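Peer 1: This is the content of input.cif (mmCIF, C-alpha atoms):
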data_my_file
loop_
_atom_site.label_atom_id
_atom_site.label_comp_id
_atom_site.auth_asym_id
_atom_site.auth_seq_id
_atom_site.Cartn_x
_atom_site.Cartn_y
_atom_site.Cartn_z
CA MET F 1 46.20 -95.85 288.11
CA ASP F 2 45.66 -99.13 286.28
CA LYS F 3 48.11 -100.13 283.61
CA ILE F 4 46.84 -100.26 280.06
CA ALA F 5 47.85 -102.49 277.17
CA VAL F 6 49.82 -101.05 274.28
CA LYS F 7 50.83 -102.77 271.07
CA MET F 8 53.25 -101.32 268.56
CA THR F 9 55.98 -102.22 266.10
CA VAL F 10 59.48 -101.40 267.31
CA ASN F 11 62.34 -101.92 264.88
CA GLY F 12 60.19 -104.33 262.90
CA ASN F 13 59.13 -106.44 265.90
CA THR F 14 55.64 -106.41 267.36
CA VAL F 15 55.64 -105.68 271.08
CA GLU F 16 52.71 -105.90 273.50
CA GLU F 17 53.19 -104.52 276.97
CA LEU F 18 51.31 -103.11 279.92
CA VAL F 19 52.21 -99.53 280.79
CA GLU F 20 51.12 -96.86 283.19
CA PRO F 21 49.41 -94.15 281.10
CA ARG F 22 51.96 -91.60 282.32
CA MET F 23 54.95 -93.63 281.12
CA LEU F 24 56.91 -91.63 278.56
CA LEU F 25 57.93 -93.39 275.35
CA ILE F 26 61.64 -92.95 276.20
CA HIS F 27 61.19 -94.75 279.51
CA PHE F 28 59.16 -97.47 277.79
CA LEU F 29 61.89 -98.03 275.20
CA ARG F 30 64.79 -97.96 277.64
CA GLU F 31 63.37 -99.61 280.74
CA GLN F 32 60.72 -101.95 279.44
CA LEU F 33 62.19 -102.96 276.07
CA ASN F 34 65.85 -102.55 277.05
CA LEU F 35 66.51 -100.38 274.01
CA THR F 36 69.05 -98.02 275.56
CA GLY F 37 70.19 -96.48 272.27
CA PRO F 38 67.85 -93.49 272.57
CA HIS F 39 69.33 -91.40 275.36
CA ILE F 40 67.81 -89.22 278.04
CA GLY F 41 69.59 -85.88 277.88
CA CYS F 42 67.49 -82.95 279.03
CA GLU F 43 64.10 -84.67 279.37
CA THR F 44 62.53 -81.33 278.46
CA SER F 45 62.23 -81.72 274.66
CA HIS F 46 65.18 -79.48 273.94
CA CYS F 47 68.24 -81.66 273.32
CA GLY F 48 66.99 -84.32 270.91
CA ALA F 49 69.11 -87.18 272.32
CA CYS F 50 65.92 -89.25 272.73
CA THR F 51 64.80 -88.76 269.11
CA VAL F 52 63.19 -91.80 267.49
CA ASP F 53 61.02 -92.24 264.42
CA LEU F 54 57.27 -92.77 264.92
CA ASP F 55 55.08 -93.41 261.88
CA GLY F 56 57.45 -91.54 259.58
CA ARG F 57 57.95 -88.55 261.85
CA SER F 58 60.87 -87.73 264.11
CA VAL F 59 59.77 -87.37 267.70
CA LYS F 60 61.49 -86.55 270.97
CA SER F 61 60.45 -89.66 272.85
CA CYS F 62 60.60 -87.79 276.18
CA THR F 63 57.63 -85.70 275.03
CA ILE F 64 55.13 -88.38 274.12
CA PHE F 65 53.47 -91.00 276.27
CA ALA F 66 53.94 -94.63 275.31
CA CYS F 67 50.15 -94.97 275.15
CA GLN F 68 50.03 -92.28 272.45
CA ALA F 69 52.31 -94.46 270.32
CA ASP F 70 49.89 -97.41 270.61
CA GLY F 71 49.45 -98.93 267.15
CA GLY F 72 52.47 -97.07 265.83
CA ASP F 73 55.64 -98.02 264.03
CA VAL F 74 58.76 -97.00 265.97
CA LEU F 75 62.35 -96.97 264.75
CA THR F 76 65.21 -96.48 267.20
CA ILE F 77 68.93 -96.40 266.54
CA GLU F 78 68.97 -100.16 267.19
CA GLY F 79 66.88 -100.62 264.05
CA VAL F 80 68.99 -98.41 261.79
CA LYS F 81 71.12 -100.60 259.54
CA GLY F 82 72.41 -100.82 256.00
CA ALA F 83 70.79 -102.78 253.21
CA ASP F 84 73.26 -105.63 253.76
CA GLY F 85 72.67 -105.64 257.51
CA GLY F 86 75.94 -103.81 258.17
CA LEU F 87 76.40 -100.13 258.90
CA HIS F 88 73.85 -97.73 257.48
CA PRO F 89 75.42 -95.02 255.28
CA LEU F 90 74.68 -92.54 258.10
CA GLN F 91 76.51 -94.69 260.64
CA GLU F 92 79.38 -95.06 258.19
CA GLY F 93 79.34 -91.30 257.59
CA PHE F 94 79.52 -90.49 261.30
CA MET F 95 82.52 -92.84 261.55
CA MET F 96 84.34 -91.65 258.42
CA GLU F 97 83.76 -87.93 259.00
CA HIS F 98 84.39 -88.06 262.75
CA GLY F 99 80.81 -86.93 263.40
CA LEU F 100 80.94 -87.85 267.09
CA GLN F 101 83.20 -87.39 270.05
CA CYS F 102 81.50 -88.46 273.27
CA GLY F 103 78.67 -90.02 271.25
CA PHE F 104 75.83 -89.13 273.59
CA CYS F 105 73.86 -87.20 270.96
CA THR F 106 74.66 -89.61 268.12
CA PRO F 107 71.63 -91.96 268.30
CA GLY F 108 69.29 -88.97 268.15
CA MET F 109 71.36 -87.28 265.44
CA ILE F 110 71.31 -90.39 263.25
CA THR F 111 67.61 -91.17 263.66
CA ARG F 112 66.77 -87.52 262.97
CA ALA F 113 69.10 -87.40 259.93
CA HIS F 114 67.55 -90.67 258.74
CA ARG F 115 64.11 -89.01 258.56
CA LEU F 116 65.59 -85.84 257.02
CA LEU F 117 67.15 -87.86 254.18
CA GLN F 118 63.87 -89.68 253.57
CA GLU F 119 62.20 -86.31 253.03
CA ASN F 120 65.09 -84.57 251.27
CA PRO F 121 67.60 -87.00 249.75
CA ASN F 122 70.01 -84.26 248.69
CA PRO F 123 70.00 -81.57 251.39
CA SER F 124 72.27 -78.51 251.29
CA GLU F 125 74.42 -77.65 254.28
CA ALA F 126 71.83 -75.06 255.35
CA GLU F 127 69.02 -77.61 255.04
CA ILE F 128 70.96 -80.11 257.14
CA ARG F 129 71.61 -77.50 259.82
CA ALA F 130 67.92 -76.55 259.88
CA GLY F 131 66.93 -80.20 259.81
CA ILE F 132 68.98 -81.09 262.87
CA SER F 133 68.33 -77.85 264.72
CA GLY F 134 66.38 -79.76 267.36
CA ASN F 135 69.40 -81.91 268.24
CA LEU F 136 72.13 -80.51 270.44
CA CYS F 137 75.77 -81.64 270.36
CA ARG F 138 78.17 -80.25 272.95
CA CYS F 139 81.38 -81.74 271.48
CA THR F 140 81.72 -81.44 267.74
CA GLY F 141 80.61 -77.93 266.88
CA TYR F 142 78.32 -79.65 264.33
CA GLN F 143 80.79 -79.25 261.44
CA ASN F 144 81.57 -82.94 261.15
CA ILE F 145 77.97 -83.95 261.81
CA VAL F 146 76.93 -81.92 258.77
CA LYS F 147 79.70 -83.59 256.77
CA ALA F 148 78.57 -87.01 257.97
CA VAL F 149 75.01 -86.37 256.80
CA ARG F 150 76.31 -85.14 253.43
CA TYR F 151 78.47 -88.26 253.20
CA ALA F 152 75.42 -90.44 253.82
CA ALA F 153 73.30 -88.52 251.31
CA GLU F 154 75.91 -88.99 248.59
CA ARG F 155 76.38 -92.65 249.43
CA MET F 156 72.63 -93.33 249.47
CA ASN F 157 72.07 -91.47 246.20
CA ALA F 158 74.91 -93.44 244.58
CA GLN F 159 73.36 -96.69 245.82
CA GLN F 160 69.99 -95.57 244.46
CA GLU F 161 71.48 -94.79 241.04
CA ALA F 162 73.34 -98.09 240.95
CA ALA F 163 70.09 -99.89 241.75
CA GLU F 164 68.37 -98.16 238.86
CA MET S 1 60.47 -85.56 285.21
CA ILE S 2 57.58 -87.99 285.46
CA PRO S 3 54.11 -86.46 285.20
CA GLY S 4 51.44 -87.11 287.78
CA PRO S 5 49.16 -90.10 287.27
CA PHE S 6 46.08 -89.87 285.10
CA GLU S 7 43.47 -91.99 283.36
CA TYR S 8 43.84 -92.11 279.59
CA TYR S 9 40.97 -91.96 277.10
CA ARG S 10 40.98 -92.17 273.33
CA PRO S 11 37.50 -91.33 272.06
CA GLY S 12 36.58 -91.55 268.39
CA SER S 13 34.32 -88.52 267.97
CA VAL S 14 33.92 -84.89 268.98
CA ASP S 15 30.67 -85.75 270.77
CA GLU S 16 32.45 -88.31 272.93
CA VAL S 17 35.19 -85.77 273.74
CA ILE S 18 32.61 -83.20 274.82
CA ALA S 19 30.78 -85.78 276.94
CA LEU S 20 34.05 -86.65 278.70
CA LEU S 21 34.92 -82.98 279.21
CA GLY S 22 31.46 -82.38 280.64
CA LYS S 23 31.87 -85.28 283.03
CA PHE S 24 35.34 -84.35 284.30
CA GLY S 25 35.17 -80.55 284.21
CA ASP S 26 38.35 -78.99 285.53
CA ASP S 27 39.99 -82.38 286.06
CA GLY S 28 39.94 -83.30 282.37
CA ARG S 29 42.25 -82.06 279.62
CA VAL S 30 42.45 -82.89 275.95
CA ILE S 31 45.82 -83.75 274.44
CA ALA S 32 46.57 -83.12 270.76
CA GLY S 33 50.31 -83.09 269.92
CA GLY S 34 51.07 -82.76 273.62
CA HIS S 35 54.20 -80.70 273.08
CA SER S 36 52.98 -77.89 275.31
CA LEU S 37 50.94 -80.00 277.72
CA ILE S 38 53.41 -82.80 278.46
CA PRO S 39 56.23 -80.40 279.46
CA MET S 40 53.73 -78.66 281.76
CA MET S 41 52.65 -82.02 283.19
CA LYS S 42 56.28 -82.94 283.89
CA LEU S 43 56.67 -79.73 285.87
CA ARG S 44 53.31 -80.46 287.55
CA LEU S 45 52.07 -77.09 286.35
CA ALA S 46 49.28 -79.16 284.81
CA VAL S 47 47.98 -82.16 286.75
CA PRO S 48 45.00 -83.48 284.79
CA GLU S 49 43.39 -86.54 286.31
CA HIS S 50 41.79 -87.49 283.01
CA LEU S 51 43.66 -87.12 279.73
CA ILE S 52 41.59 -87.27 276.54
CA ASP S 53 43.67 -88.05 273.44
CA LEU S 54 42.28 -86.49 270.25
CA ARG S 55 44.29 -88.61 267.82
CA ASP S 56 41.42 -90.90 266.79
CA VAL S 57 38.83 -88.12 266.51
CA GLY S 58 38.02 -87.70 262.82
CA GLY S 59 37.38 -84.44 261.02
CA LEU S 60 39.82 -82.26 262.97
CA ASN S 61 42.64 -82.36 260.46
CA GLY S 62 43.40 -80.52 257.26
CA ILE S 63 43.48 -77.11 255.60
CA SER S 64 40.74 -76.13 253.17
CA GLU S 65 38.91 -73.16 251.68
CA ASP S 66 35.31 -72.31 252.50
CA GLY S 67 34.38 -69.38 250.27
CA ASP S 68 36.61 -66.48 251.29
CA THR S 69 37.77 -68.23 254.47
CA ILE S 70 40.67 -70.61 255.06
CA VAL S 71 39.71 -73.33 257.54
CA ILE S 72 42.48 -75.01 259.53
CA GLY S 73 41.49 -78.10 261.52
CA ALA S 74 42.61 -78.06 265.13
CA MET S 75 44.72 -81.23 264.77
CA THR S 76 46.67 -79.88 261.78
CA THR S 77 50.34 -80.01 262.71
CA GLN S 78 52.90 -77.26 262.16
CA ALA S 79 54.66 -79.60 259.70
CA GLU S 80 51.41 -79.87 257.71
CA VAL S 81 51.11 -76.08 257.75
CA LEU S 82 54.62 -75.87 256.30
CA ALA S 83 53.71 -78.34 253.53
CA SER S 84 50.45 -76.59 252.56
CA ASP S 85 50.35 -75.21 249.00
CA LEU S 86 47.12 -73.38 249.85
CA LEU S 87 48.72 -71.44 252.72
CA ALA S 88 51.91 -70.78 250.73
CA ALA S 89 49.83 -69.20 247.97
CA LYS S 90 47.14 -67.37 249.94
CA CYS S 91 48.36 -66.78 253.48
CA PRO S 92 52.15 -67.22 253.57
CA ILE S 93 52.53 -65.51 256.96
CA ILE S 94 51.17 -68.66 258.67
CA PRO S 95 53.91 -71.02 257.39
CA GLU S 96 56.44 -68.22 257.87
CA ALA S 97 55.57 -68.13 261.56
CA ALA S 98 55.39 -71.94 261.78
CA THR S 99 59.04 -72.28 260.71
CA LEU S 100 59.98 -70.19 263.76
CA ILE S 101 58.20 -72.50 266.21
CA ALA S 102 60.47 -74.83 268.18
CA ASP S 103 62.31 -77.39 266.01
CA PRO S 104 61.54 -80.04 263.37
CA GLN S 105 60.66 -82.79 265.85
CA VAL S 106 58.22 -80.57 267.72
CA ARG S 107 56.65 -79.31 264.47
CA TYR S 108 55.77 -82.87 263.42
CA PHE S 109 53.52 -83.19 266.48
CA GLY S 110 52.61 -79.69 267.66
CA THR S 111 49.18 -78.68 266.37
CA MET S 112 47.54 -75.42 265.37
CA GLY S 113 44.64 -76.03 267.73
CA GLY S 114 46.93 -76.66 270.66
CA ASN S 115 49.03 -73.62 269.88
CA VAL S 116 46.05 -71.25 269.89
CA ALA S 117 43.94 -72.92 272.59
CA ASN S 118 46.62 -73.35 275.24
CA GLY S 119 46.66 -69.65 276.10
CA ASP S 120 50.43 -69.48 276.51
CA PRO S 121 51.44 -65.90 275.66
CA GLY S 122 54.73 -67.29 274.31
CA ASN S 123 52.98 -69.19 271.55
CA ASP S 124 53.30 -67.58 268.13
CA MET S 125 49.99 -68.42 266.44
CA PRO S 126 47.64 -66.51 268.79
CA ALA S 127 48.98 -63.04 267.90
CA LEU S 128 49.14 -64.03 264.26
CA MET S 129 45.49 -65.11 264.39
CA GLN S 130 44.60 -61.76 265.97
CA CYS S 131 46.48 -59.99 263.19
CA LEU S 132 44.58 -62.00 260.56
CA ASP S 133 41.25 -61.45 262.40
CA ALA S 134 40.74 -65.21 262.61
CA SER S 135 38.10 -66.86 264.75
CA TYR S 136 37.99 -70.12 266.64
CA VAL S 137 35.23 -72.70 266.36
CA LEU S 138 34.28 -74.10 269.77
CA GLN S 139 32.07 -77.17 270.10
CA GLY S 140 30.28 -77.73 273.37
CA PRO S 141 27.28 -79.55 274.79
CA ASN S 142 24.97 -76.88 273.39
CA GLY S 143 26.44 -76.92 269.90
CA GLU S 144 28.92 -74.74 268.12
CA ARG S 145 29.96 -71.14 268.64
CA THR S 146 32.65 -68.94 267.17
CA VAL S 147 34.90 -66.56 269.12
CA SER S 148 37.19 -63.97 267.56
CA ALA S 149 40.88 -64.49 268.30
CA ARG S 150 40.91 -60.83 269.33
CA ASP S 151 38.44 -61.60 272.14
CA PHE S 152 39.58 -65.11 273.09
CA TYR S 153 42.52 -64.48 275.42
CA GLU S 154 41.79 -63.30 278.97
CA ALA S 155 45.11 -63.85 280.79
CA ALA S 156 48.02 -66.27 280.64
CA TYR S 157 46.46 -69.73 280.18
CA PHE S 158 42.96 -68.32 280.63
CA THR S 159 40.74 -68.15 277.58
CA ARG S 160 37.06 -67.91 276.76
CA ARG S 161 36.89 -71.60 275.96
CA GLY S 162 34.65 -73.33 278.50
CA ASP S 163 35.88 -76.41 280.35
CA ASP S 164 33.34 -78.48 278.41
CA GLU S 165 34.24 -77.06 274.99
CA LEU S 166 36.64 -78.31 272.33
CA LEU S 167 38.36 -75.99 269.86
CA THR S 168 37.80 -77.80 266.56
CA ALA S 169 38.93 -75.36 263.86
CA ILE S 170 40.44 -71.98 263.08
CA ARG S 171 38.73 -69.83 260.47
CA VAL S 172 41.00 -67.28 258.78
CA PRO S 173 39.52 -64.68 256.42
CA THR S 174 41.59 -65.12 253.25
CA PRO S 175 43.83 -62.04 252.99
CA ALA S 176 43.23 -59.88 249.91
CA ASP S 177 45.22 -60.57 246.76
CA GLY S 178 48.37 -58.45 246.69
CA HIS S 179 48.55 -58.12 250.47
CA GLY S 180 51.98 -58.03 252.09
CA SER S 181 52.75 -59.79 255.34
CA ALA S 182 55.63 -60.58 257.66
CA TYR S 183 56.21 -62.24 261.02
CA GLU S 184 59.33 -61.05 262.83
CA LYS S 185 60.51 -62.91 265.92
CA LEU S 186 63.61 -62.42 268.03
CA LYS S 187 64.62 -65.54 269.90
CA ARG S 188 67.88 -66.40 271.55
CA LYS S 189 68.15 -69.88 270.09
CA THR S 190 66.22 -72.66 268.37
CA GLY S 191 63.31 -73.80 270.48
CA ASP S 192 63.03 -70.59 272.44
CA TYR S 193 59.96 -68.50 272.90
CA ALA S 194 60.10 -64.99 271.49
CA THR S 195 61.83 -62.20 273.37
CA ALA S 196 59.25 -60.29 271.34
CA ALA S 197 57.60 -60.90 267.98
CA ALA S 198 55.29 -59.00 265.65
CA ALA S 199 52.86 -59.95 262.89
CA VAL S 200 51.98 -57.40 260.22
CA VAL S 201 49.56 -57.63 257.29
CA LEU S 202 49.27 -54.66 254.91
CA GLY S 203 47.28 -53.66 251.87
CA MET S 204 48.66 -51.03 249.49
CA ALA S 205 47.05 -49.14 246.56
CA GLY S 206 48.96 -46.64 244.45
CA GLY S 207 51.66 -46.30 247.09
CA THR S 208 49.18 -45.60 249.90
CA CYS S 209 48.47 -48.01 252.71
CA THR S 210 44.80 -48.99 252.57
CA ALA S 211 44.71 -51.58 255.36
CA ALA S 212 47.04 -52.55 258.16
CA SER S 213 46.84 -55.02 260.99
CA ILE S 214 49.48 -55.56 263.67
CA ALA S 215 49.70 -57.94 266.65
CA LEU S 216 52.40 -58.82 269.18
CA THR S 217 53.64 -62.06 270.74
CA ASN S 218 55.00 -62.58 274.27
CA VAL S 219 55.08 -59.01 275.50
CA GLY S 220 52.09 -59.27 277.80
CA ASP S 221 49.88 -61.75 279.63
CA THR S 222 48.08 -62.41 276.37
CA PRO S 223 48.78 -61.90 272.69
CA LEU S 224 48.18 -58.24 271.91
CA TYR S 225 46.21 -56.90 268.96
CA ALA S 226 47.77 -53.48 268.30
CA GLU S 227 44.77 -51.74 266.80
CA ALA S 228 46.11 -48.20 267.12
CA ALA S 229 49.43 -49.22 265.56
CA GLY S 230 47.68 -50.52 262.46
CA ALA S 231 45.46 -47.42 262.29
CA ALA S 232 48.58 -45.22 262.34
CA LEU S 233 49.65 -46.69 259.00
CA VAL S 234 46.37 -46.51 257.07
CA GLY S 235 46.25 -43.58 254.66
CA SER S 236 49.99 -43.02 254.80
CA THR S 237 52.72 -43.87 252.29
CA LEU S 238 54.45 -45.77 255.12
CA ASP S 239 56.77 -42.80 255.56
CA GLU S 240 58.90 -42.47 258.66
CA ALA S 241 56.31 -40.40 260.53
CA ALA S 242 53.63 -43.08 260.09
CA VAL S 243 55.93 -46.02 260.81
CA GLY S 244 57.34 -44.25 263.87
CA ALA S 245 53.81 -43.59 265.12
CA ALA S 246 52.87 -47.26 264.61
CA VAL S 247 55.97 -48.47 266.46
CA ALA S 248 55.23 -46.08 269.35
CA ALA S 249 51.58 -47.19 269.49
CA ALA S 250 52.62 -50.86 269.54
CA LYS S 251 55.21 -50.33 272.27
CA ALA S 252 52.65 -48.43 274.35
CA ILE S 253 50.43 -51.50 274.82
CA THR S 254 53.21 -53.92 275.84
CA ALA S 255 53.61 -55.08 279.43
CA PRO S 256 56.28 -57.79 279.34
CA ALA S 257 57.77 -59.45 282.38
CA SER S 258 61.46 -59.19 283.20
CA ASP S 259 62.68 -62.75 282.87
CA LEU S 260 65.33 -64.88 281.16
CA HIS S 261 64.44 -63.20 277.88
CA GLY S 262 65.65 -59.88 279.29
CA PRO S 263 64.42 -56.91 281.30
CA ALA S 264 60.95 -55.60 280.53
CA GLU S 265 62.31 -52.36 279.01
CA TYR S 266 64.47 -54.34 276.60
CA ARG S 267 61.60 -56.56 275.52
CA THR S 268 59.39 -53.54 274.85
CA TYR S 269 62.23 -52.02 272.83
CA VAL S 270 62.61 -55.28 270.86
CA ALA S 271 58.85 -55.35 270.21
CA GLY S 272 59.24 -51.96 268.52
CA VAL S 273 62.12 -53.24 266.41
CA MET S 274 60.12 -56.31 265.38
CA VAL S 275 57.15 -54.12 264.38
CA ARG S 276 59.36 -51.87 262.28
CA ARG S 277 61.07 -54.78 260.52
CA ALA S 278 57.78 -56.55 259.89
CA ILE S 279 56.24 -53.37 258.41
CA GLU S 280 59.25 -52.96 256.12
CA ARG S 281 59.13 -56.54 254.92
CA ALA S 282 55.36 -56.61 254.52
CA HIS S 283 55.59 -53.35 252.54
CA ALA S 284 58.24 -54.82 250.23
CA ARG S 285 56.03 -57.86 249.61
CA ALA S 286 52.77 -55.96 249.00
CA THR S 287 51.80 -55.23 245.45
CA GLY S 288 49.55 -52.31 244.52
#
Please, can you express the file's structure as structure tokens?

Peer 2:
Amino acid sequence: MDKIAVKMTVNGNTVEELVEPRMLLIHFLREQLNLTGPHIGCETSHCGACTVDLDGRSVKSCTIFACQADGGDVLTIEGVKGADGGLHPLQEGFMMEHGLQCGFCTPGMITRAHRLLQENPNPSEAEIRAGISGNLCRCTGYQNIVKAVRYAAERMNAQQEAAE
Amino acid sequence: MIPGPFEYYRPGSVDEVIALLGKFGDDGRVIAGGHSLIPMMKLRLAVPEHLIDLRDVGGLNGISEDGDTIVIGAMTTQAEVLASDLLAAKCPIIPEAATLIADPQVRYFGTMGGNVANGDPGNDMPALMQCLDASYVLQGPNGERTVSARDFYEAAYFTRRGDDELLTAIRVPTPADGHGSAYEKLKRKTGDYATAAAAVVLGMAGGTCTAASIALTNVGDTPLYAEAAGAALVGSTLDEAAVGAAVAAAKAITAPASDLHGPAEYRTYVAGVMVRRAIERAHARATG
């Protein structure tokens, strides 16, 4: 099958590439753009390790073709950063609250939590657990991931108040 | 886990979609959210040679009222269903079921049209649409026709949609004011299909059940409209005799497979439990 042209914004940069129509977004990001932050875990849309943001929605990038993201705005873990260019409050939270052990699920957890906090800046523990229910972690037991997201929510809300 | 090769199309109108479907027949498939189709393509259970993306087709999105009918566009996502004030107020069983589908990422992309048109007996919306007596709008080369959800499903992945037809909308008769409803689903974990699930919609007047509709998910080759189970409740006070009769009637029409969800006998048993719980919750929510 002939390759087709796709053009999208990835972490703020415009990219134009030729892809086979059947190329999944995760393979496009990892193999063609060398963005290896999003991980391939199950490749069956269960584990969430490949989660990225597409046009303001979290998506498991193993379950969408790159051509479907044509014209879109993609954010991967490589594009998640704080206002000053340093660690994002979520990244800081995962560090401070020990929200990772092996770290394999962390890029997906953080990009998913990033979208969750955009939609609900002050989520309860139950809302966080529901919000990340599509992301599996085999190390932490989730306790510290929930704490890390709470940490980030509080930090971001404090920054917001200070700005106002 | 790389799907087979295909040609990709992104038409801008329903007419163009239908023309492409007519041209490719069996070899063409439409893709909406793709969260059922792409997993099937990875497993090569679906090997379309021509994939027609609906994302740029206008007029297939949104939830609106048309007289006493709620119209849900085929491309409406589960996340949009969950955010709908109209459904929350007038038909809360639809968002209640949507929260039980897969996980947040999948709900951002998975669509109502895909869920009902795919013909997967594990999908939750088909039985719910049978319970609500919804109908599906199909557009084809000869125009538009409407098929009742209760008549639409023939076997697993086989429906009455023609190869050259596109499901464009779901029409749900607005449930009566004061109705009570519940969707009960047993699943082993987030993202799983139901071991068994039941949708119940009830009307009550002066303590007597005046209307009842029941349908079942994933305990047969198709969603199952449990007509006799609903009839067993009408005219009763939802006493144990009537509820027991409804549960027995619902269980009688199940024919689940023994699989990873459990043995067939267990799944039939669970279907009965789901029906009972859904009746109880729908009863508690009904006014009148």

Peer 1: So the first atom is CA of Val149 in chain F and the second is CA of Cys137 in chain F; what is the distance between them in Å, to one decimal place?

Peer 2: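 That distance, rounded to one decimal, is 14.4 Å.
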
Peer 1: Got a sec: who's within 9 Å of Tyr193 in chain S, counting all atoms listed in the file, leaving out chain neighbours fewer than 6 positions off, as number ranges by chain?

Peer 2: S: 101-102, 122-124, 185-187, 218, 261

Peer 1: Please report the interatomic distance between CA of Gly180 in chain S and CA of Ala245 in chain S in Å with one decimal.

Peer 2: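 Between CA of Gly180 in chain S and CA of Ala245 in chain S the gap is 19.5 Å.
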
Peer 1: Restrict the distance test to all atoms listed in the file, flag each residue of chain S within 8 Å of chain F, and return the flagged residues as a list in words.

Peer 2: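 Within 8 Å of chain F on chain S, we get Met1, Ile2, Pro3, Gly4, Pro5, Phe6, Glu7, Tyr8, Gly34, His35, Ile38, Pro39, Asp53, Ala102, Asp103, Pro104, Gln105, Val106, Tyr108, Phe109, Thr190 and Gly191 of chain S.
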
Peer 1: Would you pick out the contacts of Met8 in chain F at 7 Å or less, using all atoms listed in the file, so that residues sharing its chain but fewer than 5 positions from it are not included, and give the list as a list in words?

Peer 2: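 Residues meeting the cut-off are Thr14, Val15, Glu16, Asp70, Gly71, Gly72 and Asp73 of chain F.
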
Peer 1: Please report as a Markdown table every residue of range 108-155 of chain S lying within 10 Å of range 59-67 of chain S, along with the nearest atom pair and their distance in Å (one decimal), using only C-alpha atoms.

Peer 2:
| residue | atom | partner | partner_atom | distance |
| --- | --- | --- | --- | --- |
| S:Thr111 | CA | S:Asn61 | CA | 9.6 |
| S:Met112 | CA | S:Asn61 | CA | 9.8 |
| S:Gly113 | CA | S:Leu60 | CA | 9.2 |
